file input_7.txt (compact mmCIF, C-alpha atoms)
# COMPACT_ATOMS: atom_id res chain seq x y z
CA MET A 1 -31.14 24.69 31.45
CA THR A 2 -30.94 27.75 29.25
CA SER A 3 -30.71 28.74 25.63
CA TYR A 4 -29.77 31.89 23.76
CA ARG A 5 -32.65 33.84 22.25
CA SER A 6 -31.35 37.34 21.75
CA GLY A 7 -28.15 39.32 21.92
CA ASN A 8 -25.55 40.72 19.59
CA SER A 9 -22.44 38.63 20.10
CA ALA A 10 -20.96 35.37 21.29
CA ALA A 11 -20.75 36.96 24.74
CA ALA A 12 -24.53 37.44 24.94
CA VAL A 13 -26.10 36.21 28.15
CA LEU A 14 -28.34 33.16 28.29
CA LEU A 15 -31.93 34.18 28.64
CA ILE A 16 -34.59 31.55 28.03
CA LYS A 17 -35.14 28.43 30.11
CA VAL A 18 -35.24 25.21 28.13
CA ASN A 19 -37.46 22.33 29.17
CA ASP A 20 -36.00 18.86 29.46
CA MET A 21 -36.09 16.79 26.29
CA ASN A 22 -38.96 14.38 25.85
CA SER A 23 -39.69 11.78 23.20
CA ILE A 24 -43.01 13.40 22.27
CA GLU A 25 -41.26 16.38 20.68
CA PHE A 26 -38.99 14.13 18.65
CA ARG A 27 -41.93 11.98 17.55
CA LYS A 28 -43.75 15.10 16.46
CA GLU A 29 -40.79 16.33 14.41
CA LEU A 30 -40.37 12.92 12.83
CA THR A 31 -44.01 12.13 12.04
CA GLU A 32 -45.43 15.60 11.38
CA HIS A 33 -42.52 17.27 9.62
CA ILE A 34 -39.64 15.13 8.32
CA ILE A 35 -41.61 12.12 7.09
CA PRO A 36 -44.34 14.17 5.32
CA PHE A 37 -41.69 16.30 3.61
CA TRP A 38 -39.91 13.31 2.10
CA ASN A 39 -43.16 11.52 1.28
CA LYS A 40 -43.99 14.35 -1.11
CA LEU A 41 -40.72 13.84 -3.00
CA ARG A 42 -41.54 10.28 -4.03
CA ASP A 43 -41.23 9.97 -7.82
CA ASP A 44 -43.69 7.38 -9.11
CA GLU A 45 -43.01 8.23 -12.73
CA ASN A 46 -39.24 7.68 -12.91
CA GLY A 47 -38.63 5.84 -9.67
CA GLY A 48 -36.91 6.84 -6.46
CA PHE A 49 -37.30 10.30 -5.01
CA THR A 50 -36.89 13.76 -6.51
CA GLY A 51 -33.25 14.69 -6.01
CA PHE A 52 -33.18 18.48 -5.85
CA MET A 53 -35.04 21.33 -4.14
CA ASP A 54 -33.48 24.76 -3.76
CA SER A 55 -33.60 26.89 -0.61
CA ALA A 56 -36.66 28.74 -1.96
CA LEU A 57 -38.45 25.36 -1.99
CA ASN A 58 -38.51 25.09 -5.79
CA ILE A 59 -38.40 21.45 -6.89
CA ASP A 60 -36.31 20.49 -9.90
CA LYS A 61 -37.80 17.28 -11.24
CA ASN A 62 -34.88 17.05 -13.67
CA GLY A 63 -32.27 17.19 -10.91
CA GLU A 64 -29.79 14.36 -10.46
CA LYS A 65 -30.64 11.54 -8.10
CA GLY A 66 -27.69 10.83 -5.86
CA VAL A 67 -27.13 7.21 -4.91
CA ILE A 68 -25.97 8.21 -1.43
CA LEU A 69 -29.20 10.20 -1.08
CA HIS A 70 -31.30 7.21 -2.09
CA SER A 71 -29.40 4.82 0.16
CA ARG A 72 -30.01 7.19 3.05
CA ILE A 73 -33.69 7.42 2.12
CA LEU A 74 -33.91 3.61 2.11
CA TRP A 75 -32.18 3.51 5.51
CA PHE A 76 -34.52 6.21 6.84
CA TYR A 77 -37.81 4.62 5.81
CA SER A 78 -36.64 1.17 6.93
CA ASN A 79 -35.78 2.44 10.41
CA ALA A 80 -38.83 4.68 10.66
CA TYR A 81 -40.95 1.62 9.86
CA MET A 82 -39.20 -0.47 12.52
CA LEU A 83 -39.99 2.23 15.07
CA LEU A 84 -43.49 3.30 14.04
CA LYS A 85 -44.85 0.13 12.32
CA ASP A 86 -46.61 2.22 9.66
CA GLU A 87 -46.97 0.19 6.45
CA ALA A 88 -46.78 3.36 4.35
CA LEU A 89 -43.19 3.78 5.55
CA LEU A 90 -42.31 0.25 4.49
CA ASP A 91 -43.89 0.94 1.10
CA ASN A 92 -41.61 3.95 0.64
CA ALA A 93 -38.64 1.83 1.69
CA LYS A 94 -39.59 -0.75 -0.94
CA HIS A 95 -39.92 2.06 -3.50
CA ALA A 96 -36.40 3.31 -2.72
CA TYR A 97 -35.06 -0.26 -2.74
CA LYS A 98 -36.59 -0.91 -6.15
CA PHE A 99 -34.95 2.21 -7.64
CA LEU A 100 -31.57 1.41 -6.12
CA THR A 101 -31.52 -2.23 -7.18
CA GLU A 102 -33.01 -1.75 -10.64
CA LYS A 103 -31.28 1.50 -11.66
CA CYS A 104 -28.26 2.15 -9.43
CA VAL A 105 -26.63 -1.27 -9.20
CA ASP A 106 -24.05 -1.94 -11.90
CA LYS A 107 -25.23 -5.23 -13.38
CA GLN A 108 -21.90 -5.79 -15.16
CA TYR A 109 -19.25 -4.91 -12.58
CA GLY A 110 -21.22 -4.87 -9.34
CA GLY A 111 -21.63 -2.21 -6.68
CA VAL A 112 -23.55 1.01 -7.09
CA TYR A 113 -22.87 4.06 -9.22
CA TRP A 114 -22.30 7.53 -7.75
CA SER A 115 -25.32 9.32 -9.26
CA MET A 116 -28.20 8.96 -11.67
CA ASN A 117 -30.12 11.30 -13.93
CA ALA A 118 -33.72 12.09 -13.06
CA ASP A 119 -34.97 9.36 -15.39
CA GLY A 120 -32.80 6.73 -13.73
CA SER A 121 -30.06 6.60 -16.36
CA VAL A 122 -26.45 6.70 -15.20
CA LYS A 123 -24.97 10.15 -14.64
CA ASP A 124 -21.66 9.29 -12.92
CA ASP A 125 -20.48 5.67 -12.96
CA ILE A 126 -17.55 5.84 -10.54
CA LYS A 127 -17.36 3.41 -7.64
CA HIS A 128 -16.75 5.30 -4.42
CA THR A 129 -16.23 3.31 -1.24
CA TYR A 130 -18.21 5.85 0.80
CA CYS A 131 -21.16 5.34 -1.53
CA GLN A 132 -20.89 1.55 -1.33
CA ALA A 133 -20.84 1.82 2.46
CA PHE A 134 -24.14 3.65 2.59
CA PHE A 135 -25.68 1.13 0.21
CA VAL A 136 -24.63 -1.72 2.52
CA TYR A 137 -25.93 0.26 5.52
CA ALA A 138 -29.30 0.74 3.82
CA LEU A 139 -29.61 -2.85 2.59
CA SER A 140 -28.84 -4.17 6.08
CA SER A 141 -31.54 -2.03 7.66
CA TYR A 142 -34.00 -2.92 4.93
CA TYR A 143 -33.35 -6.60 5.60
CA ARG A 144 -33.90 -6.02 9.32
CA ALA A 145 -37.15 -4.21 8.55
CA CYS A 146 -38.76 -6.71 6.19
CA GLY A 147 -36.59 -9.84 6.02
CA ASP A 148 -35.88 -9.60 2.27
CA LYS A 149 -33.04 -12.11 1.81
CA ASP A 150 -32.16 -10.69 -1.60
CA ALA A 151 -31.22 -7.45 0.14
CA LEU A 152 -28.94 -9.31 2.55
CA LYS A 153 -27.36 -11.26 -0.32
CA LEU A 154 -26.69 -8.04 -2.23
CA ALA A 155 -25.15 -6.43 0.86
CA TYR A 156 -22.63 -9.27 1.09
CA GLU A 157 -21.86 -9.00 -2.63
CA VAL A 158 -21.00 -5.32 -2.22
CA VAL A 159 -18.92 -6.00 0.89
CA ASP A 160 -16.96 -8.60 -1.07
CA LEU A 161 -16.26 -6.02 -3.79
CA ILE A 162 -15.12 -3.46 -1.21
CA GLU A 163 -12.78 -5.92 0.46
CA LYS A 164 -11.41 -7.21 -2.84
CA HIS A 165 -10.93 -3.94 -4.72
CA ALA A 166 -11.07 -1.03 -2.28
CA THR A 167 -8.40 -2.03 0.23
CA ASP A 168 -4.63 -2.05 0.37
CA ASP A 169 -2.13 -3.10 3.03
CA VAL A 170 -2.95 -0.06 5.17
CA ALA A 171 -6.60 0.94 4.91
CA TYR A 172 -9.50 1.53 2.53
CA LEU A 173 -9.21 3.22 -0.85
CA GLU A 174 -11.68 5.93 -1.78
CA LYS A 175 -12.57 6.27 -5.45
CA LEU A 176 -12.25 3.73 -8.24
CA SER A 177 -13.29 3.40 -11.86
CA ARG A 178 -16.52 1.69 -12.83
CA ASP A 179 -14.75 -1.66 -13.33
CA TRP A 180 -12.93 -1.30 -9.99
CA GLY A 181 -9.63 -1.54 -11.86
CA SER A 182 -8.20 1.98 -11.50
CA GLU A 183 -7.85 4.28 -8.53
CA LEU A 184 -9.04 7.84 -9.25
CA ALA A 185 -8.52 11.25 -7.62
CA ASN A 186 -10.85 11.56 -4.65
CA ASP A 187 -12.65 14.79 -5.58
CA GLU A 188 -15.88 13.78 -3.88
CA LEU A 189 -14.56 13.51 -0.31
CA SER A 190 -11.65 15.96 -0.44
CA GLU A 191 -12.03 19.55 0.74
CA ASN A 192 -10.13 22.64 1.85
CA GLY A 193 -7.83 22.58 -1.17
CA LEU A 194 -6.52 19.11 -0.29
CA MET A 195 -6.72 15.88 -2.28
CA ALA A 196 -6.99 13.00 0.16
CA ASP A 197 -6.00 9.45 -0.71
CA LYS A 198 -7.85 8.20 2.35
CA THR A 199 -10.32 9.76 4.78
CA MET A 200 -11.68 9.42 8.27
CA ASN A 201 -15.17 9.87 6.83
CA THR A 202 -15.09 6.77 4.64
CA THR A 203 -13.63 4.65 7.44
CA LEU A 204 -16.30 5.87 9.86
CA HIS A 205 -19.18 5.06 7.55
CA LEU A 206 -17.78 1.69 6.57
CA MET A 207 -17.75 0.95 10.28
CA GLU A 208 -21.35 2.14 10.51
CA ALA A 209 -22.35 -0.09 7.59
CA TYR A 210 -20.52 -3.18 8.83
CA THR A 211 -22.05 -2.68 12.29
CA GLU A 212 -25.54 -2.71 10.76
CA LEU A 213 -24.75 -5.77 8.64
CA TYR A 214 -23.29 -7.60 11.64
CA LEU A 215 -26.39 -6.83 13.69
CA ALA A 216 -28.49 -8.19 10.84
CA ASP A 217 -26.68 -11.50 10.40
CA LYS A 218 -23.77 -11.98 12.87
CA ASN A 219 -21.32 -12.95 10.13
CA ALA A 220 -17.81 -13.78 11.35
CA ASP A 221 -16.02 -12.19 8.39
CA VAL A 222 -17.95 -8.96 8.82
CA LEU A 223 -17.04 -9.00 12.52
CA ARG A 224 -13.35 -9.44 11.68
CA ARG A 225 -13.35 -6.45 9.33
CA LEU A 226 -15.39 -4.36 11.75
CA LYS A 227 -12.71 -4.94 14.37
CA PHE A 228 -10.08 -3.93 11.80
CA GLN A 229 -11.94 -0.67 11.12
CA LEU A 230 -12.06 0.08 14.83
CA GLU A 231 -8.35 -0.58 15.25
CA LEU A 232 -7.58 1.55 12.20
CA THR A 233 -9.52 4.36 13.83
CA TYR A 234 -7.65 4.01 17.10
CA ASP A 235 -4.17 3.55 15.62
CA LYS A 236 -4.22 5.97 12.69
CA ILE A 237 -7.18 8.33 12.92
CA PHE A 238 -7.38 9.15 16.63
CA ASP A 239 -5.01 11.95 17.67
CA GLU A 240 -4.17 11.10 21.28
CA GLN A 241 -2.49 14.45 21.92
CA GLY A 242 -5.35 16.49 20.51
CA ASN A 243 -8.18 14.19 21.68
CA LYS A 244 -9.73 14.38 18.22
CA LEU A 245 -10.07 12.48 14.97
CA LEU A 246 -7.81 13.37 12.07
CA VAL A 247 -9.59 13.94 8.77
CA PHE A 248 -7.47 13.56 5.62
CA PHE A 249 -4.56 11.21 4.88
CA ASN A 250 -2.10 10.16 2.21
CA ARG A 251 -1.82 6.56 1.02
CA GLU A 252 0.21 5.53 4.08
CA MET A 253 -2.38 7.09 6.42
CA ASP A 254 -0.11 9.99 7.35
CA VAL A 255 -2.24 13.02 8.11
CA ILE A 256 -2.43 15.87 5.59
CA GLY A 257 -3.78 19.31 6.45
CA ASP A 258 -4.74 20.75 9.82
CA ILE A 259 -8.49 20.22 9.97
CA HIS A 260 -10.72 19.35 12.89
CA SER A 261 -14.31 18.41 12.00
CA TYR A 262 -16.38 18.93 15.15
CA GLY A 263 -19.51 17.27 13.76
CA HIS A 264 -17.70 14.15 12.65
CA ASP A 265 -16.03 13.83 16.04
CA ILE A 266 -19.26 13.85 18.01
CA GLU A 267 -21.00 11.62 15.45
CA ALA A 268 -18.14 9.14 15.57
CA THR A 269 -18.32 8.73 19.34
CA TRP A 270 -21.79 7.25 19.39
CA LEU A 271 -21.33 5.24 16.18
CA ILE A 272 -18.15 3.70 17.61
CA ASP A 273 -19.95 2.92 20.86
CA ARG A 274 -22.69 1.25 18.83
CA ALA A 275 -20.10 -0.84 16.98
CA CYS A 276 -18.57 -1.91 20.29
CA ASP A 277 -21.99 -2.81 21.66
CA ALA A 278 -22.61 -4.97 18.60
CA ILE A 279 -19.28 -6.77 19.04
CA GLY A 280 -19.90 -7.35 22.73
CA ASP A 281 -16.27 -7.58 23.85
CA ALA A 282 -15.71 -5.88 27.21
CA GLU A 283 -12.05 -5.10 26.55
CA ILE A 284 -12.76 -3.49 23.19
CA SER A 285 -15.68 -1.52 24.65
CA ALA A 286 -13.57 -0.18 27.51
CA LYS A 287 -10.75 0.86 25.18
CA PHE A 288 -13.00 2.86 22.90
CA ALA A 289 -15.10 4.23 25.73
CA ASP A 290 -11.94 5.87 27.06
CA MET A 291 -11.19 7.32 23.62
CA ASN A 292 -14.74 8.56 23.15
CA LYS A 293 -14.84 10.09 26.61
CA ARG A 294 -11.81 12.21 25.70
CA ILE A 295 -13.25 13.24 22.33
CA VAL A 296 -16.59 14.28 23.81
CA ARG A 297 -14.90 16.35 26.50
CA ASN A 298 -12.81 18.10 23.88
CA ILE A 299 -15.83 18.90 21.70
CA ALA A 300 -17.72 20.25 24.71
CA ASP A 301 -14.79 22.50 25.56
CA ILE A 302 -13.85 23.87 22.15
CA ALA A 303 -16.83 23.49 19.80
CA TYR A 304 -19.97 23.93 21.89
CA HIS A 305 -21.15 27.55 21.72
CA LYS A 306 -22.87 28.15 25.04
CA ALA A 307 -24.38 31.50 24.11
CA THR A 308 -26.50 30.01 21.34
CA GLY A 309 -26.71 26.40 22.45
CA SER A 310 -25.25 25.16 19.16
CA LEU A 311 -22.16 23.44 17.79
CA LEU A 312 -19.68 25.19 15.55
CA ASN A 313 -18.60 23.54 12.32
CA GLU A 314 -14.84 22.93 12.14
CA SER A 315 -11.41 24.48 12.36
CA GLU A 316 -8.69 24.71 9.73
CA ASN A 317 -5.19 25.81 10.66
CA GLY A 318 -6.61 27.08 13.94
CA VAL A 319 -9.31 29.23 12.30
CA VAL A 320 -12.81 28.25 13.39
CA ASN A 321 -15.66 28.03 10.89
CA THR A 322 -18.76 29.16 12.77
CA TRP A 323 -21.45 28.04 10.32
CA ARG A 324 -24.18 26.07 12.09
CA ILE A 325 -24.65 23.04 9.85
CA TRP A 326 -27.89 21.05 10.02
CA TRP A 327 -26.32 17.60 10.30
CA VAL A 328 -23.74 18.75 12.85
CA GLN A 329 -26.52 19.90 15.18
CA ALA A 330 -28.42 16.63 14.76
CA GLU A 331 -25.38 14.50 15.53
CA THR A 332 -24.58 16.70 18.54
CA VAL A 333 -27.92 15.85 20.13
CA VAL A 334 -27.34 12.12 19.74
CA GLY A 335 -23.66 12.26 20.62
CA PHE A 336 -24.08 14.15 23.89
CA LEU A 337 -27.17 12.18 24.88
CA ASN A 338 -25.17 9.00 24.34
CA ALA A 339 -22.24 10.41 26.33
CA TYR A 340 -24.54 11.29 29.23
CA GLN A 341 -26.21 7.87 29.22
CA ARG A 342 -22.84 6.10 29.23
CA GLY A 343 -21.48 8.16 32.09
CA TYR A 344 -18.78 9.99 30.11
CA GLY A 345 -19.74 13.12 31.98
CA ASP A 346 -22.35 14.51 34.32
CA LYS A 347 -25.66 16.22 33.50
CA GLU A 348 -23.74 18.88 31.56
CA TYR A 349 -23.81 16.54 28.58
CA TYR A 350 -27.56 16.03 28.81
CA ASP A 351 -27.96 19.79 29.06
CA ILE A 352 -25.88 20.32 25.92
CA ALA A 353 -28.03 17.84 24.01
CA ALA A 354 -31.19 19.57 25.24
CA ALA A 355 -29.87 23.03 24.36
CA VAL A 356 -28.91 21.99 20.84
CA TRP A 357 -32.31 20.36 20.35
CA LYS A 358 -33.89 23.67 21.36
CA PHE A 359 -31.58 25.48 18.91
CA ILE A 360 -32.67 23.11 16.15
CA GLN A 361 -36.33 23.76 16.91
CA ASP A 362 -35.85 27.52 16.99
CA PHE A 363 -33.51 28.05 14.05
CA ILE A 364 -32.72 24.97 11.96
CA VAL A 365 -36.24 23.66 11.44
CA ASP A 366 -37.75 25.50 8.48
CA LYS A 367 -41.03 27.11 9.56
CA ARG A 368 -42.18 27.76 5.99
CA GLU A 369 -44.96 25.67 4.50
CA GLY A 370 -43.34 22.86 2.52
CA GLY A 371 -39.89 23.17 4.11
CA GLU A 372 -37.82 20.76 6.18
CA TRP A 373 -34.52 21.82 7.81
CA HIS A 374 -32.29 24.69 6.72
CA SER A 375 -28.92 23.43 5.59
CA GLN A 376 -26.75 25.98 7.40
CA LEU A 377 -26.93 29.26 9.28
CA ASP A 378 -24.50 32.12 9.79
CA ASP A 379 -23.76 33.87 13.09
CA SER A 380 -26.88 36.01 12.75
CA MET A 381 -28.94 32.82 12.37
CA LYS A 382 -29.78 33.65 8.76
CA PHE A 383 -30.00 30.58 6.57
CA ALA A 384 -27.73 30.21 3.56
CA GLU A 385 -29.83 30.76 0.45
CA PHE A 386 -27.21 29.12 -1.75
CA LYS A 387 -27.58 25.78 0.05
CA PRO A 388 -30.36 23.51 -1.26
CA MET A 389 -33.12 21.97 0.81
CA VAL A 390 -32.54 18.67 -1.04
CA ASP A 391 -29.50 17.61 -3.05
CA PRO A 392 -27.26 14.53 -3.30
CA TRP A 393 -26.06 15.18 0.27
CA LYS A 394 -29.08 16.79 1.98
CA CYS A 395 -31.23 13.91 3.16
CA PRO A 396 -33.45 12.54 5.98
CA TYR A 397 -30.58 10.49 7.42
CA HIS A 398 -29.06 12.75 10.10
CA ASN A 399 -32.20 14.51 11.30
CA GLY A 400 -34.43 11.45 10.94
CA ARG A 401 -31.88 9.33 12.77
CA MET A 402 -31.60 11.93 15.53
CA CYS A 403 -35.35 11.67 16.11
CA ILE A 404 -35.31 7.88 16.06
CA GLU A 405 -32.32 7.66 18.42
CA ALA A 406 -33.73 10.26 20.81
CA ILE A 407 -37.12 8.55 20.94
CA CYS A 408 -35.58 5.17 21.70
CA ARG A 409 -33.11 6.53 24.25
CA LEU A 410 -35.54 8.79 26.07
CA GLU A 411 -38.26 6.16 26.28
CA LYS A 412 -35.96 3.59 27.88

call {"tool": "encode", "arguments": {"input": "input_7.txt", "output": "structure tokens"}}
result
Amino acid sequence: MTSYRSGNSAAAVLLIKVNDMNSIEFRKELTEHIIPFWNKLRDDENGGFTGFMDSALNIDKNGEKGVILHSRILWFYSNAYMLLKDEALLDNAKHAYKFLTEKCVDKQYGGVYWSMNADGSVKDDIKHTYCQAFFVYALSSYYRACGDKDALKLAYEVVDLIEKHATDDVAYLEKLSRDWGSELANDELSENGLMADKTMNTTLHLMEAYTELYLADKNADVLRRLKFQLELTYDKIFDEQGNKLLVFFNREMDVIGDIHSYGHDIEATWLIDRACDAIGDAEISAKFADMNKRIVRNIADIAYHKATGSLLNESENGVVNTWRIWWVQAETVVGFLNAYQRGYGDKEYYDIAAAVWKFIQDFIVDKREGGEWHSQLDDSMKFAEFKPMVDPWKCPYHNGRMCIEAICRLEK
């Protein structure tokens, strides 16, 4: 197994041998780097966690506190506690839960806001389905970690709001007003000059959230909607000709734009497999295993950059964006490890996961004192100084989850 260490172009030869992955390295990254970094951002004065740090590691205590960020922090500490059984992790989960439930939940209309000011006052009161999904995901894990029935009750309340207000005859809506009464332009999850009425991303993370809630409580209604989300993915989002997931859609779920998100594709494969495992229906599992097998093969062929052992970002209208994004690399490790374990391919898939893990260690992990992971790198492996270390989207969810998944999978 090899990994790129030097050379001037994509055609550079592979030079350095990479050792097989082992759980010890992932435990070390989780316990000695990621967890200590986020521990230091705990805000005991205003609640929650400090929401902004720039790429020079300057903390802005007045920065906004994203609700998605805090939901992901709650998910992270809950799952880290379930793995490591360290009470300090559960205490941080309880701290995040307290901020979310006391400050971020709309006591009048229900659901969670989009973002808060540093002091916990409301900054943006819109109700975005993507944001609600991560709150449900976090509450479900928190319930699994500590058995808090109020968290489970709140998760169901938010699911009821999603199903009542954020659906139509076709799929899930994206962005609504605070009172859930008006549909708004989806600025938050639209990109590339497009304005999407519906997105693959929101569907994927609703599926992720409902999977976690179903694992927590085995509710029949949650199972029914989880199956709907899977079928929506297969029927409307999966491009059978291109062996990929489509990204942006109009109201009728007709695709808009020509975008292929490599990171979301590989992330989706293992999250969909997890949903199928939770459901436990052999026919459903086989159907989506076939789909995922095709997606993984396509990503390996067109997005994996062998010379550097990394995954490229995306393509738009056939033009490839070659930024190496932190979360894309993390999801690549899990996605290809999952594909190898499920027999979607031979040891090539394990080798890709190992190579990308080595790339993360060499280039994505910030070696500076007080750093965590660089957000993105260019082709020369220089990190983007304009991308923050912490912001409403930069969180311990992807990299922390990669470590947790790798530890559990490699130790089996």

call {"tool": "closest_atom_pairs", "arguments": {"input": "input_7.txt", "of": "stretch 63-182 of chain A", "to": "stretch 245-261 of chain A", "cutoff": "10 Å", "atoms": "all atoms listed in the file", "output": "Markdown table"}}
result
| residue | atom | partner | partner_atom | distance |
| --- | --- | --- | --- | --- |
| A:Asp168 | CA | A:Arg251 | CA | 9.1 |
| A:Asp169 | CA | A:Glu252 | CA | 9.0 |
| A:Val170 | CA | A:Glu252 | CA | 6.5 |
| A:Ala171 | CA | A:Met253 | CA | 7.6 |
| A:Tyr172 | CA | A:Arg251 | CA | 9.3 |
| A:Leu173 | CA | A:Arg251 | CA | 8.3 |

call {"tool": "closest_residue", "arguments": {"input": "input_7.txt", "among": "A:Thr129, A:Leu226, A:Ala151, A:Tyr214", "to": "A:Lys164", "atoms": "only C-alpha atoms"}}
result
A:Thr129

call {"tool": "closest_residue", "arguments": {"input": "input_7.txt", "among": "A:Tyr81, A:Glu316, A:Asn219, A:Ser141", "to": "A:Leu194", "atoms": "all atoms listed in the file"}}
result
A:Glu316

call {"tool": "residues_around", "arguments": {"input": "input_7.txt", "residues": "A:Asp187", "least_positions_apart": "5", "cutoff": "9 Å", "atoms": "all atoms listed in the file", "output": "PDB file with C-alpha atoms, keeping the file's coordinate frame"}}
result
ATOM      1  CA  LYS A 175     -12.570   6.270  -5.450  1.00  0.00           C
ATOM      2  CA  MET A 195      -6.720  15.880  -2.280  1.00  0.00           C
ATOM      3  CA  ALA A 196      -6.990  13.000   0.160  1.00  0.00           C
TER       4      ALA A 196
END

call {"tool": "closest_residue", "arguments": {"input": "input_7.txt", "among": "A:Gly309, A:Gly66, A:Gly47, A:Gly400", "to": "A:Asp362", "atoms": "only C-alpha atoms"}}
result
A:Gly309

call {"tool": "closest_residue", "arguments": {"input": "input_7.txt", "among": "A:Asn321, A:Asn117, A:Asn186, A:Ser140", "to": "A:Gly63", "atoms": "only C-alpha atoms"}}
result
A:Asn117
